[in-house]
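Encoded as structure tokens, the structure appears first; notes follow it.
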Amino acid sequence: MLNRRQFLQSSLATLVVGSLSSRLAVAGPDQGPLILSAVDDEAGHHRIAGVDLQGQTHFQLPVGDRCHGGCERPGTLQAILFARRPGRHFYVVDTRRGEIAHTIAAGDGYHFYGHGTFSHDSRYLYVTVNQYDTGEGIVRVYDAERNYAAVRDMPVGGIGPHELLLHPDGNTLVVALGGIKTHPDYDRIKLNPDTMEPALLLMDRHSGDVRQRFKPSHHQLSCRHLGISPEGIVIAGYQYQGPTWESRPLIARYDSNTDTYSEIALPKSLQRSLHNYVASVAVSPVSPLSLVTAPRGDRVVVINHRTSERVGDHEVPDVAGALALPDGGFVVSSGNGSLHRIAADGQSARSFAALDIHWDNHLTFYG
Amino acid sequence: MLSLTRSARYLIPFALGLATATASAATTPRQQWKTDIGQGYQQLASSAHVLEQTATHYCDSPSADTRQQLEAAWKTAFLDWQAVRFVDFGPIEQNSRAWQLQFWPDHKNLVARKVSYALKQDKPVDAAFVDQAGVALQGFPAIEYLLYDADMQQGERALPAADTCHLLDTISTHLAGTADALASDWQAFGDYYVSMDEYTEKTVAAAINGLEILQDKRLAAPMGVRPPHKRNKYLGDAWRSENSVAAMRASIAGFKQYMVPGLTQLLNDTGHPELADKLLEQTDSALAKANDLPDAMAPFLKTDEGYRKLQSLFIDVIQLEQVVEDRIAPALGITRGFNSSDGD
């Protein structure tokens, strides 16, 4: 919960902009890459923000739901932002015009979990959905070329699918299955803590068959977020639902080349400081480094996803979203409005912008 | 939920170290909270067991007397819960226990729906049924519904009807189990709590959060403070038993009993005795206002004079919240985060 008064005070500070490396400099305000994210303004209104890599705001679009994750529609001007669980809409953003092109509803009896991903040809959008009376988790397929008509529901055989991404093979959807049952009547209350069955799933995007299912080392390790490297290494982030005073591994690794699933333990004090909660995962498209954010511990952890070794960790208060950039660096956001750049070697973090908004848990790269 | 600024994270241990060296404090603030909150949970577990036994006694031999004992036992246990309701970290986070104890607010009247459904079963419900029925059937509001709901009292299923008594027994047993687990897990949690510096921030955050809920959800909402300025007693706590104000009074008293001693020590240890004085003064002022009011809220919403009394309590609660959030938290270097509570 945000501190309204203190935020109002701190937000009196105007936009502070630092400089990024020249490789990221963009030709014009409308042509460069954008960071999209769900944000709240200081009055608590929900918006979708588009800012450039210098932290300059290009648009802030009012929306009816608090949004969560998003994805770029490759090769087009569109990007999608999804309402946060138990939200009922996703929003198709025209990034050039800075406006919402379509608003798509989940339909009666369904809500979204906040994440989706496109097929490589940018036609089909795969979205995690809850059919909430049965609690059945679904990957729903939308056809972007037919105004986002829903074309198919593919059950995941479990509860609470959250983030999903398309494997570099172009055919396999990698789905983080949280395992937590919720129902809109009970808002966000977790209804099945004792009987959770979280997993990391591999699903064929054509047939809908779940080909493989990997289980975390404890049934209350809710598998929520993930990233994938170009060579097919998946890094997933857990949120532990068990006792606060226990400490369990929160980072999982699946290597599709060797078909091995493992968990990455951190040094004890660092592990404890994450407070059993990983929010975002970002895997570099160009280097062997991955990054996870832990807002409850105000901490960013960088690992080498090829070797599973820890590379570094950095304190970022109320850290939220994470993004891997094409130049090898990372950007992370904070609920306090700041943006931070993590260097490509994972060794340093520095703030480069502060906006009058609360960044939500995920950043989406457009460009 | 809270994040200390970089400087404050070092400042507090340093200040505490100084205080230990000069004043040789016997216990730390977190040790104080561990003891106090643990006592609050013990108290709740104890009164929840009395409620369970009283329910059995009433159903075995229903009479005006045993009914009165049952209603008194419900109220005592419910108010013991109000006293520790501000604690939102540690064992209370497990298994949605706060919701199990009190499903509230209940905008969709799920408590009524779940109780009605349970009473429509062909055979009497068992513990497994209540375990699986969800939080709306597992706590104080479900028992309150059986005891006080107007429609419920008039129907043929009114207590002490056998199936209803059986449901009452089953729910009160579940509730006593929840309270027991909370109390024993707090003991297991205690050493970890004392060892982790972050819990100082979380504890102060819980205090602020509890006062904000008191102010916004439990008072301002039924009072219609915000547009459309409609007064609505159904938005308060425990309106069926007419204990909305009693519940708030118990929460303020619980704040004084279980939160203030540890926070006072922290303020004294860190060189802010004037804030410790202010905290106690404002807590007592809010408590005095609440003590002046009877248990129910509805009658106060009907007259201007009554409404002014509620406003007077409301203002004192706002002032108490402001002392903690705007003066104490900054003095301790504590700021609150946006994503760290339930980011998803």
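Letters A, B, ... mark the chains of the structure tokens in the order given; residue numbers begin at 1 per chain; ligand numbers begin at 1, in order shown.
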
**Message:** Give me, as JSON, numbers by chain, the residues of chain A touching chain B, with the criterion being at most 10 Å (counting only C-alpha atoms).
**Reply:** {"A": [1, 2, 3, 4, 5, 6, 7, 40, 68, 84, 85, 113, 114, 162, 185, 186, 188, 189, 190, 191, 192, 193, 194, 224, 225, 239, 241, 242, 243, 244, 245, 246, 272, 273, 275, 277, 278, 279, 280, 294, 295, 296, 297, 298, 315, 316, 317, 318, 319, 320, 321, 334, 335, 336, 337, 358, 359, 360, 361, 362]}

**Item:** Close residues, Asp316 (chain B) itself excluded, 7 Å, only C-alpha atoms, min 4 positions apart in chain, as a PyMOL selection string
**Value:** chain B and resi 285-286+312+320

**helix (DSSP H, G or I) call set, DSSP backbone run, region 89-233 of chain B, as JSON, numbers by chain** = {"B": [90, 91, 92, 93, 94, 95, 96, 97, 98, 99, 100, 101, 110, 111, 112, 113, 114, 115, 116, 117, 118, 119, 127, 128, 129, 130, 131, 132, 133, 135, 136, 137, 140, 141, 142, 143, 144, 145, 146, 147, 148, 150, 151, 152, 153, 154, 162, 163, 164, 165, 166, 167, 168, 169, 170, 171, 172, 173, 174, 175, 176, 177, 178, 179, 180, 181, 182, 183, 184, 185, 186, 187, 188, 189, 190, 191, 192, 193, 194, 195, 198, 199, 200, 201, 202, 203, 204, 205, 206, 207, 208, 209, 210, 211, 212, 213, 214, 215, 216, 217, 218, 219, 220, 221, 222, 223, 233]}

**Asked** Using the chain letters and numbers from this document, which residues of region 51-294 of chain A does DSSP assign to strand (DSSP E), as a VMD selection string?
**Response** chain A and resid 51 to 52 57 to 62 67 to 72 78 to 83 89 to 94 99 to 105 110 to 118 124 to 131 136 to 143 149 to 155 161 to 166 172 to 177 199 to 204 210 to 214 221 to 228 233 to 240 251 to 255 260 to 264 281 to 283 289 to 294

**Prompt:** Residues at most 12 Å from Lys302 (chain B), counting only C-alpha atoms, excluding those fewer than 3 positions away in the same chain, as a PyMOL selection string?
**Reply:** chain B and resi 222-223+230-233+296-299+305-310

**Request:** Measuring atom to atom with only C-alpha atoms, identify which of B:Phe140, B:Phe255, B:Phe300, B:Tyr148 is nearest to Val324 (chain B).
**Result:**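 Looking at the shortest contact to Val324 (chain B), the residue is B:Phe255.
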
**Message:** I'd like the neighbourhood of Gly328 (chain A) as a list in words, where a residue qualifies if any of its atoms comes within 9 Å (using only C-alpha atoms), though same-chain residues fewer than 6 positions away should be ignored.
**Reply:**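 Non-adjacent residues within range: Ser284, Pro285, Val286, Ser287, Leu289, Ala343, Ala344 and Asp345 of chain A.
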
**Request:** Measuring atom to atom with only C-alpha atoms, identify which of A:Asp259, A:Val92, A:Gly135, A:Glu163 is nearest to Asn147 (chain A).
**Result:**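 Using only C-alpha atoms, Asn147 (chain A) sits closest to A:Val92.
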
**Asked** Which value, in Å to one decimal, gives the distance between CA of Lys120 (chain B) and CA of Tyr58 (chain B)?
**Response** 22.2 Å

**Item:** Pick from A:Cys223, A:Val174, A:Val281, A:Ile357 nearest to Gly50 (chain A), counting only C-alpha atoms
**Value:**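 The shortest atom-to-atom distance to Gly50 (chain A) comes from A:Ile357.
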
**Fill in**
In terms of only C-alpha atoms, the residue from B:Gln153, B:Thr178, B:Ser63, B:Thr264 at minimal distance from Ala48 (chain B) is B:Thr178

**Request:** Determine the nearest neighbour of Ser241 (chain B) from the options B:Glu274, B:Glu144, B:Asp304, B:Glu201, counting only C-alpha atoms.
**Result:**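 Looking at the shortest contact to Ser241 (chain B), the residue is B:Glu144.
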
Can you list, as a CSV table (one decimal) with C-alpha atoms, in the first residue's frame, every protein, DNA or RNA residue that comes within 7 Å of Tyr240 (chain A) when you count only C-alpha atoms, leaving out same-chain residues fewer than 3 positions away?
```
chain,number,residue,atom,x,y,z
A,220,GLN,CA,4.2,-23.9,-1.9
A,221,LEU,CA,6.8,-22.5,-4.3
A,222,SER,CA,4.5,-20.7,-6.6
A,276,ASN,CA,10.5,-15.3,-0.4
A,277,TYR,CA,9.3,-13.2,-3.2
```

**Item:** d(CA of Tyr238 (chain A), CA of Leu266 (chain A)) in Å
**Value:**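 About the pair CA of Tyr238 (chain A) and CA of Leu266 (chain A): they are 13.5 Å apart.
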
**Request:** Please identify all polymer residues within 7 Å of region 150-157 of chain A, counting only C-alpha atoms, omitting same-chain residues fewer than 4 positions from it, and present them as a PyMOL selection string.
**Result:** chain A and resi 137-143+208+210

Include N, CA and C atoms and write out the residues we just selected as a short mmCIF file (atom, residue, chain, number, x, y, z; two decimals), in the first residue's frame.
```cif
data_model
loop_
_atom_site.label_atom_id
_atom_site.label_comp_id
_atom_site.auth_asym_id
_atom_site.auth_seq_id
_atom_site.Cartn_x
_atom_site.Cartn_y
_atom_site.Cartn_z
N GLY A 137 -7.07 -23.45 -15.22
CA GLY A 137 -6.17 -22.53 -15.90
C GLY A 137 -6.16 -22.78 -17.40
N ILE A 138 -6.12 -21.70 -18.16
CA ILE A 138 -6.25 -21.80 -19.61
C ILE A 138 -5.21 -20.91 -20.28
N VAL A 139 -4.69 -21.36 -21.42
CA VAL A 139 -4.01 -20.45 -22.33
C VAL A 139 -4.99 -20.17 -23.47
N ARG A 140 -5.40 -18.91 -23.58
CA ARG A 140 -6.36 -18.55 -24.63
C ARG A 140 -5.59 -17.95 -25.81
N VAL A 141 -6.01 -18.32 -27.01
CA VAL A 141 -5.35 -17.85 -28.22
C VAL A 141 -6.23 -16.78 -28.88
N TYR A 142 -5.63 -15.63 -29.16
CA TYR A 142 -6.33 -14.55 -29.87
C TYR A 142 -5.67 -14.36 -31.23
N ASP A 143 -6.48 -14.04 -32.23
CA ASP A 143 -5.97 -13.78 -33.57
C ASP A 143 -5.88 -12.27 -33.78
N GLY A 208 -1.83 -27.66 -28.20
CA GLY A 208 -2.27 -27.42 -26.83
C GLY A 208 -1.83 -28.51 -25.86
N VAL A 210 0.28 -30.45 -23.22
CA VAL A 210 1.33 -30.13 -22.26
C VAL A 210 2.36 -31.25 -22.34
#
```

**Prompt:** Which polymer residues have any atom within 8 Å of an atom of Gln212 (chain A), counting only C-alpha atoms, with same-chain residues fewer than 4 positions away left out, as a list in words?
**Reply:**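 My reading of the contact set: Leu201, Leu202 and Met203 of chain A.
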